[in-house]
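Next comes input.pdb, a file with PDB, C-alpha atoms.
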```pdb
ATOM      1  CA  MET A   1       0.000   0.000   0.000
ATOM      2  CA  HIS A   2       3.060   2.245  -0.354
ATOM      3  CA  ILE A   3       2.007   5.281  -2.410
ATOM      4  CA  PRO A   4       4.642   6.255  -5.000
ATOM      5  CA  ASP A   5       5.353   9.882  -5.878
ATOM      6  CA  GLY A   6       3.088  11.344  -8.537
ATOM      7  CA  PHE A   7      -0.199  10.028  -7.132
ATOM      8  CA  LEU A   8      -0.822  12.860  -4.657
ATOM      9  CA  SER A   9      -1.439  16.579  -5.117
ATOM     10  CA  THR A  10       0.810  19.181  -3.460
ATOM     11  CA  ALA A  11      -1.934  20.049  -0.975
ATOM     12  CA  THR A  12      -2.358  16.380   0.044
ATOM     13  CA  VAL A  13       1.418  15.930   0.345
ATOM     14  CA  ALA A  14       1.701  19.034   2.539
ATOM     15  CA  THR A  15      -1.297  18.184   4.749
ATOM     16  CA  THR A  16      -0.231  14.587   5.379
ATOM     17  CA  TYR A  17       3.383  15.634   6.078
ATOM     18  CA  VAL A  18       2.213  18.132   8.703
ATOM     19  CA  ILE A  19      -0.096  15.597  10.386
ATOM     20  CA  SER A  20       2.511  12.817  10.353
ATOM     21  CA  ALA A  21       5.299  15.087  11.610
ATOM     22  CA  GLY A  22       3.027  16.188  14.468
ATOM     23  CA  GLY A  23       2.183  12.549  15.181
ATOM     24  CA  ILE A  24       5.838  11.522  15.294
ATOM     25  CA  GLY A  25       6.649  14.460  17.575
ATOM     26  CA  ASN A  26       3.928  13.466  19.991
ATOM     27  CA  ALA A  27       4.976   9.799  19.798
ATOM     28  CA  VAL A  28       8.560  10.731  20.774
ATOM     29  CA  ARG A  29       7.291  12.885  23.650
ATOM     30  CA  LEU A  30       5.118  10.053  25.008
ATOM     31  CA  ALA A  31       7.859   7.468  24.471
ATOM     32  CA  ASN A  32      10.189   9.674  26.480
ATOM     33  CA  LYS A  33       7.682   9.624  29.328
ATOM     34  CA  ASN A  34       6.682   5.944  29.265
ATOM     35  CA  LEU A  35       9.470   3.882  27.731
ATOM     36  CA  GLY A  36      11.142   1.320  29.980
ATOM     37  CA  GLU A  37      14.306  -0.780  29.567
ATOM     38  CA  LYS A  38      12.320  -3.742  28.235
ATOM     39  CA  HIS A  39      10.757  -1.686  25.450
ATOM     40  CA  ILE A  40      14.083  -0.993  23.752
ATOM     41  CA  PRO A  41      14.870  -4.423  22.203
ATOM     42  CA  MET A  42      11.149  -4.970  21.542
ATOM     43  CA  MET A  43      10.997  -1.785  19.437
ATOM     44  CA  GLY A  44      14.001  -3.001  17.436
ATOM     45  CA  ILE A  45      12.539  -6.485  16.936
ATOM     46  CA  LEU A  46       9.158  -5.158  15.805
ATOM     47  CA  ALA A  47      10.757  -2.816  13.236
ATOM     48  CA  ALA A  48      12.969  -5.657  11.960
ATOM     49  CA  PHE A  49      10.054  -8.101  11.777
ATOM     50  CA  ILE A  50       7.757  -5.661   9.981
ATOM     51  CA  PHE A  51      10.474  -4.919   7.433
ATOM     52  CA  ALA A  52      11.114  -8.626   6.784
ATOM     53  CA  ALA A  53       7.441  -9.610   6.705
ATOM     54  CA  GLN A  54       6.601  -6.737   4.322
ATOM     55  CA  MET A  55       9.006  -8.268   1.782
ATOM     56  CA  LEU A  56       6.933 -11.457   1.736
ATOM     57  CA  ASN A  57       4.076 -10.580  -0.594
ATOM     58  CA  PHE A  58       1.411 -13.295  -0.544
ATOM     59  CA  PRO A  59      -0.876 -13.912  -3.522
ATOM     60  CA  VAL A  60      -4.549 -12.967  -3.272
ATOM     61  CA  VAL A  61      -7.250 -13.139  -5.954
ATOM     62  CA  GLY A  62      -6.836 -12.086  -9.596
ATOM     63  CA  GLY A  63      -3.089 -11.621 -10.041
ATOM     64  CA  THR A  64      -2.788  -9.353  -7.013
ATOM     65  CA  SER A  65      -0.573  -9.711  -3.973
ATOM     66  CA  GLY A  66      -0.742  -8.297  -0.501
ATOM     67  CA  HIS A  67       1.702  -7.874   2.302
ATOM     68  CA  PHE A  68       1.714  -7.478   6.060
ATOM     69  CA  LEU A  69       1.498  -3.895   7.391
ATOM     70  CA  GLY A  70       2.353  -4.457  11.033
ATOM     71  CA  ALA A  71       0.837  -1.348  12.630
ATOM     72  CA  ALA A  72      -1.802  -3.484  14.352
ATOM     73  CA  LEU A  73       0.827  -5.831  15.796
ATOM     74  CA  VAL A  74       2.789  -2.928  17.321
ATOM     75  CA  ALA A  75      -0.372  -1.174  18.520
ATOM     76  CA  ILE A  76      -1.576  -4.334  20.277
ATOM     77  CA  LEU A  77       1.803  -5.070  21.894
ATOM     78  CA  LEU A  78       3.101  -1.568  22.655
ATOM     79  CA  GLY A  79       0.289   0.911  21.976
ATOM     80  CA  PRO A  80      -0.745   3.220  19.112
ATOM     81  CA  TRP A  81       1.989   5.853  19.520
ATOM     82  CA  ALA A  82       4.653   3.152  19.428
ATOM     83  CA  ALA A  83       3.029   1.978  16.190
ATOM     84  CA  VAL A  84       3.337   5.484  14.730
ATOM     85  CA  LEU A  85       7.018   5.611  15.708
ATOM     86  CA  ILE A  86       7.929   2.167  14.391
ATOM     87  CA  MET A  87       5.949   2.496  11.160
ATOM     88  CA  ALA A  88       7.661   5.868  10.599
ATOM     89  CA  VAL A  89      11.082   4.196  11.006
ATOM     90  CA  VAL A  90      10.233   1.335   8.626
ATOM     91  CA  LEU A  91       8.483   3.476   5.992
ATOM     92  CA  THR A  92      11.241   6.112   5.991
ATOM     93  CA  GLY A  93      13.890   3.415   5.535
ATOM     94  CA  GLN A  94      11.900   1.768   2.757
ATOM     95  CA  SER A  95      11.392   5.069   0.967
ATOM     96  CA  PHE A  96      14.978   6.379   1.165
ATOM     97  CA  ILE A  97      16.990   3.159   0.919
ATOM     98  CA  PHE A  98      14.772   0.663  -0.901
ATOM     99  CA  GLN A  99      12.837   3.092  -3.143
ATOM    100  CA  ASP A 100       9.538   1.614  -1.958
ATOM    101  CA  GLY A 101       7.008   4.411  -1.426
ATOM    102  CA  GLY A 102       7.656   7.955  -2.642
ATOM    103  CA  ILE A 103       9.618  10.527  -0.692
ATOM    104  CA  LEU A 104       6.907  13.159  -1.192
ATOM    105  CA  ALA A 105       4.273  10.519  -0.397
ATOM    106  CA  LEU A 106       6.052   9.502   2.824
ATOM    107  CA  GLY A 107       3.839  11.722   4.985
ATOM    108  CA  ALA A 108       0.725  10.080   3.535
ATOM    109  CA  ASN A 109       2.185   6.585   3.896
ATOM    110  CA  ILE A 110       3.020   7.219   7.562
ATOM    111  CA  PHE A 111      -0.459   8.685   8.061
ATOM    112  CA  ASN A 112      -2.248   5.714   6.434
ATOM    113  CA  MET A 113      -0.211   2.782   7.667
ATOM    114  CA  GLY A 114       1.081   4.255  10.956
ATOM    115  CA  ILE A 115      -1.531   6.634  12.340
ATOM    116  CA  VAL A 116      -4.757   5.241  10.818
ATOM    117  CA  GLY A 117      -3.528   1.633  10.988
ATOM    118  CA  GLY A 118      -2.155   1.883  14.524
ATOM    119  CA  PHE A 119      -4.972   3.835  16.165
ATOM    120  CA  SER A 120      -7.808   1.896  14.534
ATOM    121  CA  ALA A 121      -6.245  -1.421  15.544
ATOM    122  CA  TYR A 122      -5.580  -0.258  19.104
ATOM    123  CA  TYR A 123      -9.090   0.980  19.832
ATOM    124  CA  ILE A 124     -10.847  -1.900  18.069
ATOM    125  CA  TYR A 125      -8.662  -4.352  20.010
ATOM    126  CA  LYS A 126      -9.373  -2.552  23.272
ATOM    127  CA  GLY A 127     -13.116  -2.397  22.593
ATOM    128  CA  LEU A 128     -13.355  -6.049  21.630
ATOM    129  CA  SER A 129     -11.322  -7.098  24.673
ATOM    130  CA  VAL A 130     -13.920  -5.441  26.887
ATOM    131  CA  VAL A 131     -16.726  -7.321  25.120
ATOM    132  CA  LEU A 132     -15.025 -10.696  24.681
ATOM    133  CA  GLY A 133     -13.084 -10.896  27.938
ATOM    134  CA  ASP A 134      -9.476 -11.480  28.831
ATOM    135  CA  SER A 135      -8.823 -15.134  27.956
ATOM    136  CA  ASN A 136      -6.013 -15.903  25.502
ATOM    137  CA  ARG A 137      -8.551 -17.188  22.995
ATOM    138  CA  SER A 138     -10.617 -14.002  22.990
ATOM    139  CA  LYS A 139      -7.441 -11.917  22.883
ATOM    140  CA  LEU A 140      -6.464 -13.670  19.656
ATOM    141  CA  ILE A 141      -9.940 -13.185  18.148
ATOM    142  CA  SER A 142      -9.673  -9.470  18.980
ATOM    143  CA  CYS A 143      -6.181  -9.415  17.400
ATOM    144  CA  PHE A 144      -7.512 -10.875  14.174
ATOM    145  CA  ALA A 145     -10.458  -8.492  13.910
ATOM    146  CA  ALA A 146      -8.416  -5.399  14.817
ATOM    147  CA  SER A 147      -5.670  -6.272  12.318
ATOM    148  CA  TRP A 148      -8.151  -6.947   9.527
ATOM    149  CA  ALA A 149      -9.947  -3.657  10.154
ATOM    150  CA  SER A 150      -6.681  -1.678  10.346
ATOM    151  CA  VAL A 151      -5.758  -2.712   6.781
ATOM    152  CA  LEU A 152      -9.227  -1.899   5.485
ATOM    153  CA  LEU A 153      -9.199   1.545   7.133
ATOM    154  CA  ALA A 154      -5.645   2.332   6.007
ATOM    155  CA  SER A 155      -6.640   1.499   2.429
ATOM    156  CA  THR A 156      -9.734   3.688   2.802
ATOM    157  CA  ALA A 157      -7.559   6.617   3.911
ATOM    158  CA  CYS A 158      -5.312   5.948   0.904
ATOM    159  CA  ALA A 159      -8.325   5.953  -1.464
ATOM    160  CA  ILE A 160      -9.585   9.260  -0.011
ATOM    161  CA  GLU A 161      -6.143  10.856  -0.543
ATOM    162  CA  LEU A 162      -6.080   9.648  -4.164
ATOM    163  CA  ALA A 163      -9.559  11.056  -4.721
ATOM    164  CA  VAL A 164      -8.832  14.397  -3.049
ATOM    165  CA  SER A 165      -5.678  14.642  -5.193
ATOM    166  CA  GLY A 166      -7.788  14.219  -8.340
ATOM    167  CA  THR A 167      -5.955  11.015  -9.310
ATOM    168  CA  SER A 168      -9.085   8.842  -9.399
ATOM    169  CA  PRO A 169     -12.727   9.545  -8.470
ATOM    170  CA  LEU A 170     -13.742   8.328  -5.006
ATOM    171  CA  SER A 171     -16.623   6.264  -6.420
ATOM    172  CA  VAL A 172     -14.060   4.270  -8.431
ATOM    173  CA  VAL A 173     -11.012   4.086  -6.183
ATOM    174  CA  LEU A 174     -12.699   3.560  -2.799
ATOM    175  CA  PRO A 175     -14.601   0.343  -3.616
ATOM    176  CA  ALA A 176     -11.575  -1.011  -5.518
ATOM    177  CA  MET A 177      -9.130  -0.311  -2.669
ATOM    178  CA  ALA A 178     -11.496  -1.450   0.099
ATOM    179  CA  GLY A 179     -12.454  -4.584  -1.844
ATOM    180  CA  VAL A 180      -8.950  -5.913  -2.389
ATOM    181  CA  HIS A 181      -7.756  -4.883   1.083
ATOM    182  CA  ALA A 182     -10.676  -6.636   2.751
ATOM    183  CA  ILE A 183      -9.006  -9.806   1.424
ATOM    184  CA  ILE A 184      -5.412  -8.733   2.152
ATOM    185  CA  GLY A 185      -6.561  -7.905   5.694
ATOM    186  CA  VAL A 186      -7.238 -11.594   6.327
ATOM    187  CA  GLY A 187      -3.496 -12.218   5.817
ATOM    188  CA  GLU A 188      -2.747  -9.367   8.217
ATOM    189  CA  GLY A 189      -5.036 -10.910  10.819
ATOM    190  CA  LEU A 190      -3.467 -14.371  10.497
ATOM    191  CA  ILE A 191       0.116 -13.052  10.764
ATOM    192  CA  THR A 192      -0.714 -10.861  13.782
ATOM    193  CA  VAL A 193      -2.415 -13.789  15.520
ATOM    194  CA  ALA A 194       0.580 -16.046  14.778
ATOM    195  CA  VAL A 195       3.098 -13.547  16.174
ATOM    196  CA  VAL A 196       1.045 -12.716  19.280
ATOM    197  CA  SER A 197       0.585 -16.470  19.934
ATOM    198  CA  LEU A 198       4.334 -16.947  19.629
ATOM    199  CA  VAL A 199       4.974 -14.179  22.178
ATOM    200  CA  MET A 200       2.234 -15.624  24.414
ATOM    201  CA  ALA A 201       3.884 -19.050  24.330
ATOM    202  CA  THR A 202       7.474 -17.888  24.876
ATOM    203  CA  ARG A 203       7.387 -14.702  26.990
ATOM    204  CA  SER A 204       3.808 -13.854  27.944
ATOM    205  CA  ASP A 205       5.072 -11.104  30.275
ATOM    206  CA  LEU A 206       5.992  -9.091  27.164
ATOM    207  CA  LEU A 207       2.261  -8.777  26.424
ATOM    208  CA  LYS A 208       1.961  -6.641  29.552
ATOM    209  CA  LEU A 209       4.450  -3.892  28.718
ATOM    210  CA  GLN A 210       3.324  -0.318  29.338
ATOM    211  CA  ARG A 211       1.387   0.898  26.279
ATOM    212  CA  ILE A 212       2.580   4.078  24.614
TER     213      ILE A 212
ATOM    214  CA  MET B   1      13.959 -17.701  28.754
ATOM    215  CA  ASN B   2      16.070 -14.685  29.576
ATOM    216  CA  TYR B   3      15.166 -11.557  27.682
ATOM    217  CA  LYS B   4      18.417 -11.088  25.793
ATOM    218  CA  LYS B   5      18.302 -14.648  24.527
ATOM    219  CA  TRP B   6      14.650 -14.154  23.570
ATOM    220  CA  TRP B   7      15.214 -11.045  21.473
ATOM    221  CA  LEU B   8      18.368 -12.414  19.859
ATOM    222  CA  LEU B   9      16.330 -15.472  18.801
ATOM    223  CA  ALA B  10      13.591 -13.136  17.572
ATOM    224  CA  LEU B  11      16.141 -11.209  15.512
ATOM    225  CA  GLY B  12      17.389 -14.501  14.057
ATOM    226  CA  PHE B  13      13.785 -15.349  13.179
ATOM    227  CA  CYS B  14      13.471 -12.018  11.315
ATOM    228  CA  LEU B  15      16.624 -12.848   9.338
ATOM    229  CA  ILE B  16      15.107 -16.212   8.403
ATOM    230  CA  VAL B  17      11.920 -14.482   7.224
ATOM    231  CA  ALA B  18      14.098 -12.196   5.052
ATOM    232  CA  THR B  19      15.911 -15.263   3.718
ATOM    233  CA  ILE B  20      12.722 -16.745   2.295
ATOM    234  CA  SER B  21      11.737 -13.422   0.657
ATOM    235  CA  PRO B  22      12.653 -14.609  -2.888
ATOM    236  CA  LEU B  23       9.591 -16.883  -2.564
ATOM    237  CA  ALA B  24       7.304 -13.820  -2.297
ATOM    238  CA  SER B  25       4.604 -13.281  -4.901
ATOM    239  CA  SER B  26       5.767 -10.866  -7.610
ATOM    240  CA  SER B  27       2.212  -9.848  -8.534
ATOM    241  CA  PRO B  28       1.389  -6.143  -8.059
ATOM    242  CA  ASP B  29       0.167  -5.296  -4.558
ATOM    243  CA  GLY B  30      -3.349  -4.029  -3.801
ATOM    244  CA  LEU B  31      -2.655  -0.359  -4.556
ATOM    245  CA  GLU B  32      -0.554  -1.082  -7.683
ATOM    246  CA  LYS B  33      -3.244  -3.382  -9.046
ATOM    247  CA  VAL B  34      -5.972  -0.785  -8.467
ATOM    248  CA  ALA B  35      -3.753   1.856 -10.132
ATOM    249  CA  GLU B  36      -3.297  -0.437 -13.165
ATOM    250  CA  ASP B  37      -6.976  -1.376 -13.431
ATOM    251  CA  LYS B  38      -8.257   2.169 -12.946
ATOM    252  CA  GLY B  39      -5.673   3.658 -15.293
ATOM    253  CA  PHE B  40      -3.544   5.922 -13.090
ATOM    254  CA  ILE B  41      -0.398   3.813 -12.721
ATOM    255  CA  GLU B  42       1.362   5.904 -15.396
ATOM    256  CA  VAL B  43       1.347   9.060 -13.248
ATOM    257  CA  ALA B  44       3.702   7.311 -10.772
ATOM    258  CA  GLN B  45       7.173   8.833 -10.680
ATOM    259  CA  GLY B  46      10.374   6.993  -9.923
ATOM    260  CA  SER B  47      12.770   8.022  -7.182
ATOM    261  CA  PRO B  48      15.420  10.681  -7.993
ATOM    262  CA  PHE B  49      18.069   8.258  -6.688
ATOM    263  CA  GLU B  50      18.432   4.529  -6.081
ATOM    264  CA  ILE B  51      20.260   2.764  -3.260
ATOM    265  CA  ILE B  52      18.852  -0.768  -2.916
ATOM    266  CA  ALA B  53      15.947  -0.194  -5.295
ATOM    267  CA  ASP B  54      13.082  -2.712  -5.095
ATOM    268  CA  TYR B  55      14.881  -4.818  -2.484
ATOM    269  CA  VAL B  56      17.505  -6.056  -4.930
ATOM    270  CA  PHE B  57      21.075  -5.392  -3.832
ATOM    271  CA  PRO B  58      22.932  -3.873  -6.795
ATOM    272  CA  GLY B  59      25.904  -5.688  -8.310
ATOM    273  CA  ILE B  60      24.905  -9.223  -7.264
ATOM    274  CA  GLU B  61      24.223 -11.359 -10.320
ATOM    275  CA  ASN B  62      21.997 -13.970  -8.663
ATOM    276  CA  GLU B  63      18.681 -12.166  -8.097
ATOM    277  CA  ALA B  64      17.517 -14.431  -5.287
ATOM    278  CA  PHE B  65      20.705 -13.778  -3.342
ATOM    279  CA  ALA B  66      20.557 -10.047  -4.145
ATOM    280  CA  THR B  67      17.058 -10.010  -2.599
ATOM    281  CA  ILE B  68      18.125 -12.021   0.448
ATOM    282  CA  PHE B  69      21.126  -9.764   1.014
ATOM    283  CA  ALA B  70      18.930  -6.649   0.707
ATOM    284  CA  GLY B  71      16.558  -8.238   3.232
ATOM    285  CA  TRP B  72      19.317  -8.948   5.743
ATOM    286  CA  ILE B  73      20.638  -5.402   5.463
ATOM    287  CA  GLY B  74      17.112  -4.049   5.937
ATOM    288  CA  VAL B  75      16.382  -6.239   8.959
ATOM    289  CA  LEU B  76      19.616  -5.292  10.734
ATOM    290  CA  LEU B  77      19.225  -1.630   9.801
ATOM    291  CA  MET B  78      15.611  -1.436  11.024
ATOM    292  CA  PHE B  79      16.529  -3.223  14.247
ATOM    293  CA  GLY B  80      19.458  -0.873  14.799
ATOM    294  CA  ILE B  81      17.541   2.316  14.045
ATOM    295  CA  ALA B  82      14.453   1.469  16.129
ATOM    296  CA  TYR B  83      16.623   0.162  18.990
ATOM    297  CA  GLY B  84      18.804   3.270  18.765
ATOM    298  CA  ILE B  85      15.883   5.692  18.805
ATOM    299  CA  ALA B  86      14.227   3.861  21.723
ATOM    300  CA  TRP B  87      17.524   3.786  23.643
ATOM    301  CA  LEU B  88      18.147   7.475  23.012
ATOM    302  CA  VAL B  89      14.641   8.499  24.060
ATOM    303  CA  GLN B  90      14.793   6.290  27.161
ATOM    304  CA  SER B  91      18.275   7.342  28.311
ATOM    305  CA  ARG B  92      17.375  11.013  27.964
ATOM    306  CA  LYS B  93      14.482  10.424  30.333
ATOM    307  CA  LYS B  94      16.852   8.966  32.927
ATOM    308  CA  LYS B  95      19.105  11.984  32.683
ATOM    309  CA  ALA B  96      16.174  14.356  33.118
ATOM    310  CA  ALA B  97      14.994  12.424  36.190
ATOM    311  CA  ALA B  98      18.425  12.375  37.850
TER     312      ALA B  98
END
```
How would this structure read if it were set down as structure tokens?
Amino acid sequence: MHIPDGFLSTATVATTYVISAGGIGNAVRLANKNLGEKHIPMMGILAAFIFAAQMLNFPVVGGTSGHFLGAALVAILLGPWAAVLIMAVVLTGQSFIFQDGGILALGANIFNMGIVGGFSAYYIYKGLSVVLGDSNRSKLISCFAASWASVLLASTACAIELAVSGTSPLSVVLPAMAGVHAIIGVGEGLITVAVVSLVMATRSDLLKLQRI
Amino acid sequence: MNYKKWWLLALGFCLIVATISPLASSSPDGLEKVAEDKGFIEVAQGSPFEIIADYVFPGIENEAFATIFAGWIGVLLMFGIAYGIAWLVQSRKKKAAA
């Protein structure tokens, strides 16, 4: 879902850069307040895992592929602001070093995949946990649903930016983006559930780190 | 399991994931496919410079290995940068509290 340069208007580029820069600033401020020793390697591992997993495109219907986003995984384990921070690290690296995602579009990519992806996953997960309870099984169901929804909402934000930029009308691009990402989101849900289960099985205490 | 061992194993796991990246589907991703189908893919602009463009390390003949090598570099770089930022932010807090 990395937007290349050329898809967004100057106004969209500027707006999303301002919002994402503000988001990163606030994420750093909150991290400074709430980060503990244990968070440090975890932040590194999550950035490394998201980078690696994003390289593994999986096939979905009709000659299309999808890949893991990871914002939901970070938001569930470390909180939404940590997701903004880590997605910003990964997306900036991908844009500048691997030429994946435009440099001008970086603000929009951080907004869609970091801010929209991270916050939607966090609050959906939190809401569902209240409804479904605190057992490991219901936690994993909440993980799946929150991850699926985060991809769908990130793709919706992307479609709105494309429409506002005059690249494609909303009535065309929104159903197309939401449709394919509703399927890709299933992959996101499965990967998030697998990783959270792995953490649960090996070091369940890491599921209780202070959320940022 | 002690924490250091745990995260070193986790980092090794990330390197393994990067190692199987040549098996990834090469079909366009969701956004690219929509851009092709709805006719706006041609307005995409390339980057003004290339370092490890498209996850293929330049100068390595074997494309699978060039991809794996790019993946390893990316994994270690992302780990280092995120760890470094977290460490910096956390150690500054300690200083302020002291």
field: Spatial sel., origin (11.5, 7.6, -8.9), limit 9 Å, all atoms listed in the file, listed as number ranges by chain
entry: A: 4-5, 99, 102-103; B: 44-50
Sorted by chain and rising residue number, which residues of chain B lie within 7 Å of chain A, and what are their closest atom pairs and distances in Å to one decimal, counting all atoms listed in the file, as JSON lines?
```
{"residue": "B:Trp7", "atom": "CA", "partner": "A:Pro41", "partner_atom": "CA", "distance": 6.7}
{"residue": "B:Ala10", "atom": "CA", "partner": "A:Ile45", "partner_atom": "CA", "distance": 6.8}
{"residue": "B:Leu11", "atom": "CA", "partner": "A:Ile45", "partner_atom": "CA", "distance": 6.1}
{"residue": "B:Cys14", "atom": "CA", "partner": "A:Phe49", "partner_atom": "CA", "distance": 5.2}
{"residue": "B:Val17", "atom": "CA", "partner": "A:Ala52", "partner_atom": "CA", "distance": 5.9}
{"residue": "B:Ala18", "atom": "CA", "partner": "A:Ala52", "partner_atom": "CA", "distance": 5.0}
{"residue": "B:Ser21", "atom": "CA", "partner": "A:Leu56", "partner_atom": "CA", "distance": 5.3}
{"residue": "B:Ala24", "atom": "CA", "partner": "A:Leu56", "partner_atom": "CA", "distance": 4.7}
{"residue": "B:Ser25", "atom": "CA", "partner": "A:Asn57", "partner_atom": "CA", "distance": 5.1}
{"residue": "B:Ser27", "atom": "CA", "partner": "A:Thr64", "partner_atom": "CA", "distance": 5.2}
{"residue": "B:Pro28", "atom": "CA", "partner": "A:Thr64", "partner_atom": "CA", "distance": 5.4}
{"residue": "B:Asp29", "atom": "CA", "partner": "A:Ser65", "partner_atom": "CA", "distance": 4.5}
{"residue": "B:Gly30", "atom": "CA", "partner": "A:Gly66", "partner_atom": "CA", "distance": 6.0}
{"residue": "B:Leu31", "atom": "CA", "partner": "A:Met1", "partner_atom": "CA", "distance": 5.3}
{"residue": "B:Lys33", "atom": "CA", "partner": "A:Thr64", "partner_atom": "CA", "distance": 6.3}
{"residue": "B:Val34", "atom": "CA", "partner": "A:Ala176", "partner_atom": "CA", "distance": 6.3}
{"residue": "B:Phe40", "atom": "CA", "partner": "A:Thr167", "partner_atom": "CA", "distance": 6.8}
{"residue": "B:Val43", "atom": "CA", "partner": "A:Gly6", "partner_atom": "CA", "distance": 5.5}
{"residue": "B:Ala44", "atom": "CA", "partner": "A:Gly6", "partner_atom": "CA", "distance": 4.7}
{"residue": "B:Gln45", "atom": "CA", "partner": "A:Asp5", "partner_atom": "CA", "distance": 5.2}
{"residue": "B:Ser47", "atom": "CA", "partner": "A:Gln99", "partner_atom": "CA", "distance": 6.4}
{"residue": "B:Glu50", "atom": "CA", "partner": "A:Gln99", "partner_atom": "CA", "distance": 6.5}
{"residue": "B:Ile51", "atom": "CA", "partner": "A:Ile97", "partner_atom": "CA", "distance": 5.3}
{"residue": "B:Ile52", "atom": "CA", "partner": "A:Phe98", "partner_atom": "CA", "distance": 4.8}
{"residue": "B:Ala53", "atom": "CA", "partner": "A:Phe98", "partner_atom": "CA", "distance": 4.6}
{"residue": "B:Asp54", "atom": "CA", "partner": "A:Phe98", "partner_atom": "CA", "distance": 5.6}
{"residue": "B:Tyr55", "atom": "CA", "partner": "A:Phe98", "partner_atom": "CA", "distance": 5.7}
{"residue": "B:Gly71", "atom": "CA", "partner": "A:Ala52", "partner_atom": "CA", "distance": 6.5}
{"residue": "B:Gly74", "atom": "CA", "partner": "A:Phe51", "partner_atom": "CA", "distance": 6.9}
{"residue": "B:Val75", "atom": "CA", "partner": "A:Ala48", "partner_atom": "CA", "distance": 4.6}
{"residue": "B:Leu76", "atom": "CA", "partner": "A:Ala48", "partner_atom": "CA", "distance": 6.8}
{"residue": "B:Met78", "atom": "CA", "partner": "A:Ala48", "partner_atom": "CA", "distance": 5.1}
{"residue": "B:Phe79", "atom": "CA", "partner": "A:Gly44", "partner_atom": "CA", "distance": 4.1}
{"residue": "B:Gly80", "atom": "CA", "partner": "A:Gly44", "partner_atom": "CA", "distance": 6.4}
{"residue": "B:Ala82", "atom": "CA", "partner": "A:Gly44", "partner_atom": "CA", "distance": 4.7}
{"residue": "B:Tyr83", "atom": "CA", "partner": "A:Gly44", "partner_atom": "CA", "distance": 4.4}
{"residue": "B:Ala86", "atom": "CA", "partner": "A:Ile40", "partner_atom": "CA", "distance": 5.3}
{"residue": "B:Trp87", "atom": "CA", "partner": "A:Ile40", "partner_atom": "CA", "distance": 5.9}
{"residue": "B:Val89", "atom": "CA", "partner": "A:Asn32", "partner_atom": "CA", "distance": 5.2}
{"residue": "B:Gln90", "atom": "CA", "partner": "A:Asn32", "partner_atom": "CA", "distance": 5.8}
{"residue": "B:Lys93", "atom": "CA", "partner": "A:Asn32", "partner_atom": "CA", "distance": 5.8}
```
message: as an NGL selection string, please: the residues near Lys126 of chain A (cut-off 9 Å, all atoms listed in the file, same-chain neighbours under 5 positions excluded).
response: :A and (76 or 121 or 131 or 142 or 146)
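Atom pair atom CA of Val13 of chain A / atom CA of Asn112 of chain A has a distance of 12.4 Å (rounded to one decimal).
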task: List the neighbours of Leu207 of chain A out to 12 Å using only C-alpha atoms; skip same-chain residues closer than 5 positions along the sequence, and give me the result as a list of chain:residue names.
output: A:Lys38, A:His39, A:Met42, A:Leu73, A:Val74, A:Ala75, A:Ile76, A:Leu77, A:Leu78, A:Gly79, A:Asn136, A:Lys139, A:Val195, A:Val196, A:Ser197, A:Leu198, A:Val199, A:Met200, A:Ala201, A:Thr202
Gap from atom CA of Leu15 of chain B to atom CA of Ile85 of chain B - Å, one decimal: 20.8 Å
Care to translate the PyMOL selection byres ((chain A and resi 113) around 9) into actual residues of this file, as a PDB file with C-alpha atoms, keeping the file's coordinate frame?
```pdb
ATOM      1  CA  MET A   1       0.000   0.000   0.000  1.00  0.00           C
ATOM      2  CA  HIS A   2       3.060   2.245  -0.354  1.00  0.00           C
ATOM      3  CA  LEU A  69       1.498  -3.895   7.391  1.00  0.00           C
ATOM      4  CA  GLY A  70       2.353  -4.457  11.033  1.00  0.00           C
ATOM      5  CA  ALA A  71       0.837  -1.348  12.630  1.00  0.00           C
ATOM      6  CA  VAL A  84       3.337   5.484  14.730  1.00  0.00           C
ATOM      7  CA  MET A  87       5.949   2.496  11.160  1.00  0.00           C
ATOM      8  CA  ALA A  88       7.661   5.868  10.599  1.00  0.00           C
ATOM      9  CA  LEU A  91       8.483   3.476   5.992  1.00  0.00           C
ATOM     10  CA  ALA A 108       0.725  10.080   3.535  1.00  0.00           C
ATOM     11  CA  ASN A 109       2.185   6.585   3.896  1.00  0.00           C
ATOM     12  CA  ILE A 110       3.020   7.219   7.562  1.00  0.00           C
ATOM     13  CA  PHE A 111      -0.459   8.685   8.061  1.00  0.00           C
ATOM     14  CA  ASN A 112      -2.248   5.714   6.434  1.00  0.00           C
ATOM     15  CA  GLY A 114       1.081   4.255  10.956  1.00  0.00           C
ATOM     16  CA  ILE A 115      -1.531   6.634  12.340  1.00  0.00           C
ATOM     17  CA  VAL A 116      -4.757   5.241  10.818  1.00  0.00           C
ATOM     18  CA  GLY A 117      -3.528   1.633  10.988  1.00  0.00           C
ATOM     19  CA  GLY A 118      -2.155   1.883  14.524  1.00  0.00           C
ATOM     20  CA  SER A 150      -6.681  -1.678  10.346  1.00  0.00           C
ATOM     21  CA  VAL A 151      -5.758  -2.712   6.781  1.00  0.00           C
ATOM     22  CA  ALA A 154      -5.645   2.332   6.007  1.00  0.00           C
ATOM     23  CA  SER A 155      -6.640   1.499   2.429  1.00  0.00           C
TER      24      SER A 155
END
```
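From atom CA of Thr156 of chain A back to atom CA of Lys38 of chain B, the distance works out to 15.9 Å.
Of the residues under consideration (A:Ile212, A:Val193, A:Leu170, A:Val18), A:Val193 shows the shortest atom-to-atom contact distance to Arg137 of chain A when counting all atoms listed in the file.
Here the PyMOL selection byres ((chain B and resi 63-68) around 9) matches the residues Ala18, Thr19, Ile20, Ser21, Pro22, Leu23, Asp54, Tyr55, Val56, Phe57, Pro58, Gly59, Ile60, Glu61, Asn62, Phe69, Ala70, Gly71, Trp72 and Ile73 of chain B.
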